[in-house]
Amino acid sequence: MAKRKAKAKTKPKPKAKAKPRPKPKAKPKAKAKPKATPMAPNPPTVNPHICSNFSAPAGTAIQWVGIPPSGCVLTQEPGGPWPFNIGPPINLPAPSTVTIKIGLPPGTTYCFLASCCEKLVCITIL
């Protein structure tokens, strides 16, 4: 009988060392969004006579008084800017409440034509 050769013990292969994983980069924090300034639920209201000049801040509601029964049409002064949120034209008495545009610079005067008035009507932004 032949002797069997003893199997040589194989050395276990050394395990590969784990490569160090790079630390995950911190995600940049979201920039805080500027909070929108909430508008007042009911803007302030002024009640000027339809043919009278007046002053009011931007965003103010205008409730005209003295509108004749036949009505009144507000139109843009030729070449002039329009200071209201609707129109031109604006046919009064409906709507009788109009708002001054937001963002108009204080100290600026805007004039418009009113068909029921003899002269230009002007509004100065406060």
# chains A, B, ... in the order shown; residues from 1 in each chain; ligands from 1

call {"tool": "residues_around", "arguments": {"residues": "Pro68 (chain A)", "least_positions_apart": "3", "cutoff": "12 Å", "atoms": "only C-alpha atoms", "output": "mmCIF file with N, CA and C atoms, in the first residue's frame"}}
result
data_model
loop_
_atom_site.group_PDB
_atom_site.id
_atom_site.type_symbol
_atom_site.label_atom_id
_atom_site.label_comp_id
_atom_site.auth_asym_id
_atom_site.auth_seq_id
_atom_site.Cartn_x
_atom_site.Cartn_y
_atom_site.Cartn_z
ATOM 1 N N HIS A 49 -63.757 112.846 -2.408
ATOM 2 C CA HIS A 49 -64.771 113.237 -3.383
ATOM 3 C C HIS A 49 -64.186 112.929 -4.766
ATOM 4 N N ILE A 50 -64.993 112.516 -5.687
ATOM 5 C CA ILE A 50 -64.536 112.087 -7.006
ATOM 6 C C ILE A 50 -63.717 113.158 -7.725
ATOM 7 N N CYS A 51 -63.984 114.435 -7.483
ATOM 8 C CA CYS A 51 -63.273 115.504 -8.189
ATOM 9 C C CYS A 51 -62.177 116.164 -7.338
ATOM 10 N N TRP A 64 -64.749 106.192 -3.520
ATOM 11 C CA TRP A 64 -65.106 107.540 -3.948
ATOM 12 C C TRP A 64 -66.517 107.896 -3.513
ATOM 13 N N VAL A 65 -66.697 109.180 -3.224
ATOM 14 C CA VAL A 65 -68.025 109.699 -2.896
ATOM 15 C C VAL A 65 -68.335 110.836 -3.878
ATOM 16 N N GLY A 71 -72.985 108.438 -13.483
ATOM 17 C CA GLY A 71 -71.718 107.720 -13.445
ATOM 18 C C GLY A 71 -70.545 108.620 -13.780
ATOM 19 N N CYS A 72 -69.359 108.037 -13.782
ATOM 20 C CA CYS A 72 -68.127 108.773 -14.056
ATOM 21 C C CYS A 72 -67.092 107.770 -14.560
ATOM 22 N N VAL A 73 -66.367 108.150 -15.594
ATOM 23 C CA VAL A 73 -65.351 107.260 -16.159
ATOM 24 C C VAL A 73 -63.971 107.859 -15.861
ATOM 25 N N ASN A 91 -65.059 102.473 -14.802
ATOM 26 C CA ASN A 91 -66.423 103.010 -14.941
ATOM 27 C C ASN A 91 -67.105 102.992 -13.576
ATOM 28 N N LEU A 92 -67.304 104.170 -13.020
ATOM 29 C CA LEU A 92 -67.950 104.265 -11.717
ATOM 30 C C LEU A 92 -69.436 104.526 -11.939
ATOM 31 N N PRO A 93 -70.355 104.096 -11.123
ATOM 32 C CA PRO A 93 -70.148 103.731 -9.735
ATOM 33 C C PRO A 93 -69.708 102.293 -9.488
ATOM 34 N N SER A 96 -66.964 100.866 -7.187
ATOM 35 C CA SER A 96 -66.706 102.160 -6.568
ATOM 36 C C SER A 96 -65.465 102.105 -5.680
ATOM 37 N N ALA A 114 -61.280 112.382 -14.983
ATOM 38 C CA ALA A 114 -62.584 111.887 -14.539
ATOM 39 C C ALA A 114 -63.631 112.612 -15.383
ATOM 40 N N SER A 115 -64.450 111.848 -16.099
ATOM 41 C CA SER A 115 -65.400 112.458 -17.041
ATOM 42 C C SER A 115 -66.417 113.370 -16.365
ATOM 43 N N CYS A 116 -66.619 113.202 -15.071
ATOM 44 C CA CYS A 116 -67.604 114.005 -14.354
ATOM 45 C C CYS A 116 -66.965 115.217 -13.675
ATOM 46 N N CYS A 117 -65.673 115.441 -13.904
ATOM 47 C CA CYS A 117 -64.969 116.556 -13.263
ATOM 48 C C CYS A 117 -64.439 117.519 -14.322
#

call {"tool": "residues_around", "arguments": {"residues": "Cys122 (chain A)", "least_positions_apart": "2", "cutoff": "7 Å", "atoms": "only C-alpha atoms", "output": "PyMOL selection string"}}
result
chain A and resi 53-54+109-112+120+124

call {"tool": "closest_residue", "arguments": {"among": "A:Ile67, A:Ile62, A:Ala56, A:Ile90", "to": "Leu113 (chain A)", "atoms": "only C-alpha atoms"}}
result
A:Ile90

call {"tool": "atom_distance", "arguments": {"atom1": "CA of Ile86 (chain A)", "atom2": "CA of Ala58 (chain A)"}}
result
13.8 Å

call {"tool": "atom_distance", "arguments": {"atom1": "CA of Trp82 (chain A)", "atom2": "CA of Thr60 (chain A)"}}
result
14.8 Å

call {"tool": "atom_distance", "arguments": {"atom1": "CA of Ile125 (chain A)", "atom2": "CA of Leu104 (chain A)"}}
result
7.1 Å

call {"tool": "closest_residue", "arguments": {"among": "A:Pro69, A:Pro105, A:Ile123, A:Gly59", "to": "Asn85 (chain A)", "atoms": "only C-alpha atoms"}}
result
A:Gly59

call {"tool": "closest_residue", "arguments": {"among": "A:Glu77, A:Ser52, A:Asn47, A:Pro57", "to": "Gly103 (chain A)", "atoms": "only C-alpha atoms"}}
result
A:Pro57

call {"tool": "decode", "arguments": {"residues": "region 46-96 of chain A", "atoms": "N, CA and C atoms", "output": "mmCIF file, in the first residue's frame"}}
result
data_model
loop_
_atom_site.group_PDB
_atom_site.id
_atom_site.type_symbol
_atom_site.label_atom_id
_atom_site.label_comp_id
_atom_site.auth_asym_id
_atom_site.auth_seq_id
_atom_site.Cartn_x
_atom_site.Cartn_y
_atom_site.Cartn_z
ATOM 1 N N VAL A 46 -59.708 105.223 2.069
ATOM 2 C CA VAL A 46 -59.937 106.667 2.063
ATOM 3 C C VAL A 46 -61.220 106.931 1.286
ATOM 4 N N ASN A 47 -61.873 108.045 1.594
ATOM 5 C CA ASN A 47 -63.159 108.377 0.975
ATOM 6 C C ASN A 47 -63.120 109.777 0.358
ATOM 7 N N PRO A 48 -62.333 109.978 -0.708
ATOM 8 C CA PRO A 48 -62.267 111.307 -1.308
ATOM 9 C C PRO A 48 -63.465 111.570 -2.212
ATOM 10 N N HIS A 49 -63.757 112.846 -2.408
ATOM 11 C CA HIS A 49 -64.771 113.237 -3.383
ATOM 12 C C HIS A 49 -64.186 112.929 -4.766
ATOM 13 N N ILE A 50 -64.993 112.516 -5.687
ATOM 14 C CA ILE A 50 -64.536 112.087 -7.006
ATOM 15 C C ILE A 50 -63.717 113.158 -7.725
ATOM 16 N N CYS A 51 -63.984 114.435 -7.483
ATOM 17 C CA CYS A 51 -63.273 115.504 -8.189
ATOM 18 C C CYS A 51 -62.177 116.164 -7.338
ATOM 19 N N SER A 52 -61.889 115.604 -6.161
ATOM 20 C CA SER A 52 -60.902 116.225 -5.271
ATOM 21 C C SER A 52 -59.574 115.497 -5.306
ATOM 22 N N ASN A 53 -58.489 116.271 -5.285
ATOM 23 C CA ASN A 53 -57.155 115.690 -5.143
ATOM 24 C C ASN A 53 -57.040 115.122 -3.730
ATOM 25 N N PHE A 54 -56.237 114.064 -3.576
ATOM 26 C CA PHE A 54 -56.077 113.473 -2.246
ATOM 27 C C PHE A 54 -54.726 112.784 -2.145
ATOM 28 N N SER A 55 -54.370 112.396 -0.920
ATOM 29 C CA SER A 55 -53.116 111.685 -0.650
ATOM 30 C C SER A 55 -53.438 110.396 0.082
ATOM 31 N N ALA A 56 -52.685 109.337 -0.226
ATOM 32 C CA ALA A 56 -52.893 108.048 0.427
ATOM 33 C C ALA A 56 -51.681 107.167 0.168
ATOM 34 N N PRO A 57 -51.398 106.218 1.058
ATOM 35 C CA PRO A 57 -50.294 105.290 0.823
ATOM 36 C C PRO A 57 -50.644 104.245 -0.243
ATOM 37 N N ALA A 58 -49.620 103.678 -0.856
ATOM 38 C CA ALA A 58 -49.831 102.579 -1.808
ATOM 39 C C ALA A 58 -50.552 101.442 -1.088
ATOM 40 N N GLY A 59 -51.431 100.751 -1.795
ATOM 41 C CA GLY A 59 -52.187 99.644 -1.212
ATOM 42 C C GLY A 59 -53.494 100.068 -0.560
ATOM 43 N N THR A 60 -53.755 101.363 -0.516
ATOM 44 C CA THR A 60 -54.974 101.872 0.114
ATOM 45 C C THR A 60 -56.174 101.681 -0.809
ATOM 46 N N ALA A 61 -57.302 101.305 -0.220
ATOM 47 C CA ALA A 61 -58.550 101.199 -0.974
ATOM 48 C C ALA A 61 -59.170 102.588 -1.050
ATOM 49 N N ILE A 62 -59.757 102.900 -2.198
ATOM 50 C CA ILE A 62 -60.388 104.203 -2.407
ATOM 51 C C ILE A 62 -61.878 103.972 -2.601
ATOM 52 N N GLN A 63 -62.679 104.589 -1.747
ATOM 53 C CA GLN A 63 -64.135 104.519 -1.864
ATOM 54 C C GLN A 63 -64.593 105.933 -2.206
ATOM 55 N N TRP A 64 -64.749 106.192 -3.520
ATOM 56 C CA TRP A 64 -65.106 107.540 -3.948
ATOM 57 C C TRP A 64 -66.517 107.896 -3.513
ATOM 58 N N VAL A 65 -66.697 109.180 -3.224
ATOM 59 C CA VAL A 65 -68.025 109.699 -2.896
ATOM 60 C C VAL A 65 -68.335 110.836 -3.878
ATOM 61 N N GLY A 66 -69.590 111.198 -3.981
ATOM 62 C CA GLY A 66 -69.984 112.291 -4.861
ATOM 63 C C GLY A 66 -70.056 111.911 -6.324
ATOM 64 N N ILE A 67 -70.167 110.616 -6.589
ATOM 65 C CA ILE A 67 -70.283 110.167 -7.985
ATOM 66 C C ILE A 67 -71.691 110.501 -8.476
ATOM 67 N N PRO A 68 -71.817 111.212 -9.598
ATOM 68 C CA PRO A 68 -73.157 111.568 -10.078
ATOM 69 C C PRO A 68 -73.950 110.324 -10.487
ATOM 70 N N PRO A 69 -75.292 110.422 -10.453
ATOM 71 C CA PRO A 69 -76.133 109.275 -10.822
ATOM 72 C C PRO A 69 -75.834 108.760 -12.228
ATOM 73 N N SER A 70 -75.392 109.626 -13.123
ATOM 74 C CA SER A 70 -75.084 109.198 -14.491
ATOM 75 C C SER A 70 -73.754 108.445 -14.572
ATOM 76 N N GLY A 71 -72.985 108.438 -13.483
ATOM 77 C CA GLY A 71 -71.718 107.720 -13.445
ATOM 78 C C GLY A 71 -70.545 108.620 -13.780
ATOM 79 N N CYS A 72 -69.359 108.037 -13.782
ATOM 80 C CA CYS A 72 -68.127 108.773 -14.056
ATOM 81 C C CYS A 72 -67.092 107.770 -14.560
ATOM 82 N N VAL A 73 -66.367 108.150 -15.594
ATOM 83 C CA VAL A 73 -65.351 107.260 -16.159
ATOM 84 C C VAL A 73 -63.971 107.859 -15.861
ATOM 85 N N LEU A 74 -63.109 107.062 -15.215
ATOM 86 C CA LEU A 74 -61.737 107.480 -14.930
ATOM 87 C C LEU A 74 -60.837 106.926 -16.028
ATOM 88 N N THR A 75 -60.043 107.806 -16.626
ATOM 89 C CA THR A 75 -59.120 107.386 -17.678
ATOM 90 C C THR A 75 -57.731 107.929 -17.380
ATOM 91 N N GLN A 76 -56.768 107.357 -18.063
ATOM 92 C CA GLN A 76 -55.375 107.727 -17.872
ATOM 93 C C GLN A 76 -55.090 109.087 -18.505
ATOM 94 N N GLU A 77 -54.329 109.901 -17.778
ATOM 95 C CA GLU A 77 -53.882 111.166 -18.346
ATOM 96 C C GLU A 77 -52.949 110.820 -19.500
ATOM 97 N N PRO A 78 -53.103 111.443 -20.661
ATOM 98 C CA PRO A 78 -52.237 111.098 -21.796
ATOM 99 C C PRO A 78 -50.752 111.211 -21.419
ATOM 100 N N GLY A 79 -50.044 110.113 -21.608
ATOM 101 C CA GLY A 79 -48.612 110.074 -21.304
ATOM 102 C C GLY A 79 -48.290 109.856 -19.838
ATOM 103 N N GLY A 80 -49.290 109.816 -18.989
ATOM 104 C CA GLY A 80 -49.047 109.650 -17.555
ATOM 105 C C GLY A 80 -49.191 108.204 -17.112
ATOM 106 N N PRO A 81 -48.575 107.842 -15.985
ATOM 107 C CA PRO A 81 -48.709 106.475 -15.451
ATOM 108 C C PRO A 81 -50.075 106.274 -14.784
ATOM 109 N N TRP A 82 -50.480 105.042 -14.654
ATOM 110 C CA TRP A 82 -51.780 104.692 -14.068
ATOM 111 C C TRP A 82 -51.544 104.161 -12.657
ATOM 112 N N PRO A 83 -52.135 104.789 -11.628
ATOM 113 C CA PRO A 83 -51.815 104.392 -10.253
ATOM 114 C C PRO A 83 -52.731 103.348 -9.624
ATOM 115 N N PHE A 84 -53.708 102.835 -10.350
ATOM 116 C CA PHE A 84 -54.693 101.953 -9.736
ATOM 117 C C PHE A 84 -54.495 100.491 -10.140
ATOM 118 N N ASN A 85 -55.072 99.604 -9.346
ATOM 119 C CA ASN A 85 -54.904 98.166 -9.566
ATOM 120 C C ASN A 85 -55.741 97.631 -10.723
ATOM 121 N N ILE A 86 -56.734 98.367 -11.179
ATOM 122 C CA ILE A 86 -57.560 97.938 -12.316
ATOM 123 C C ILE A 86 -57.638 99.071 -13.332
ATOM 124 N N GLY A 87 -58.061 98.728 -14.540
ATOM 125 C CA GLY A 87 -58.256 99.736 -15.576
ATOM 126 C C GLY A 87 -56.960 100.130 -16.243
ATOM 127 N N PRO A 88 -56.871 101.178 -16.954
ATOM 128 C CA PRO A 88 -57.944 102.081 -17.294
ATOM 129 C C PRO A 88 -58.816 101.515 -18.422
ATOM 130 N N PRO A 89 -59.990 101.945 -18.591
ATOM 131 C CA PRO A 89 -60.716 102.908 -17.770
ATOM 132 C C PRO A 89 -61.367 102.226 -16.574
ATOM 133 N N ILE A 90 -61.860 103.052 -15.673
ATOM 134 C CA ILE A 90 -62.670 102.574 -14.548
ATOM 135 C C ILE A 90 -64.022 103.265 -14.680
ATOM 136 N N ASN A 91 -65.059 102.473 -14.802
ATOM 137 C CA ASN A 91 -66.423 103.010 -14.941
ATOM 138 C C ASN A 91 -67.105 102.992 -13.576
ATOM 139 N N LEU A 92 -67.304 104.170 -13.020
ATOM 140 C CA LEU A 92 -67.950 104.265 -11.717
ATOM 141 C C LEU A 92 -69.436 104.526 -11.939
ATOM 142 N N PRO A 93 -70.355 104.096 -11.123
ATOM 143 C CA PRO A 93 -70.148 103.731 -9.735
ATOM 144 C C PRO A 93 -69.708 102.293 -9.488
ATOM 145 N N ALA A 94 -69.713 101.409 -10.460
ATOM 146 C CA ALA A 94 -69.300 100.032 -10.182
ATOM 147 C C ALA A 94 -68.027 99.735 -10.953
ATOM 148 N N PRO A 95 -66.911 99.363 -10.392
ATOM 149 C CA PRO A 95 -66.707 99.248 -8.946
ATOM 150 C C PRO A 95 -66.415 100.616 -8.346
ATOM 151 N N SER A 96 -66.964 100.866 -7.187
ATOM 152 C CA SER A 96 -66.706 102.160 -6.568
ATOM 153 C C SER A 96 -65.465 102.105 -5.680
#
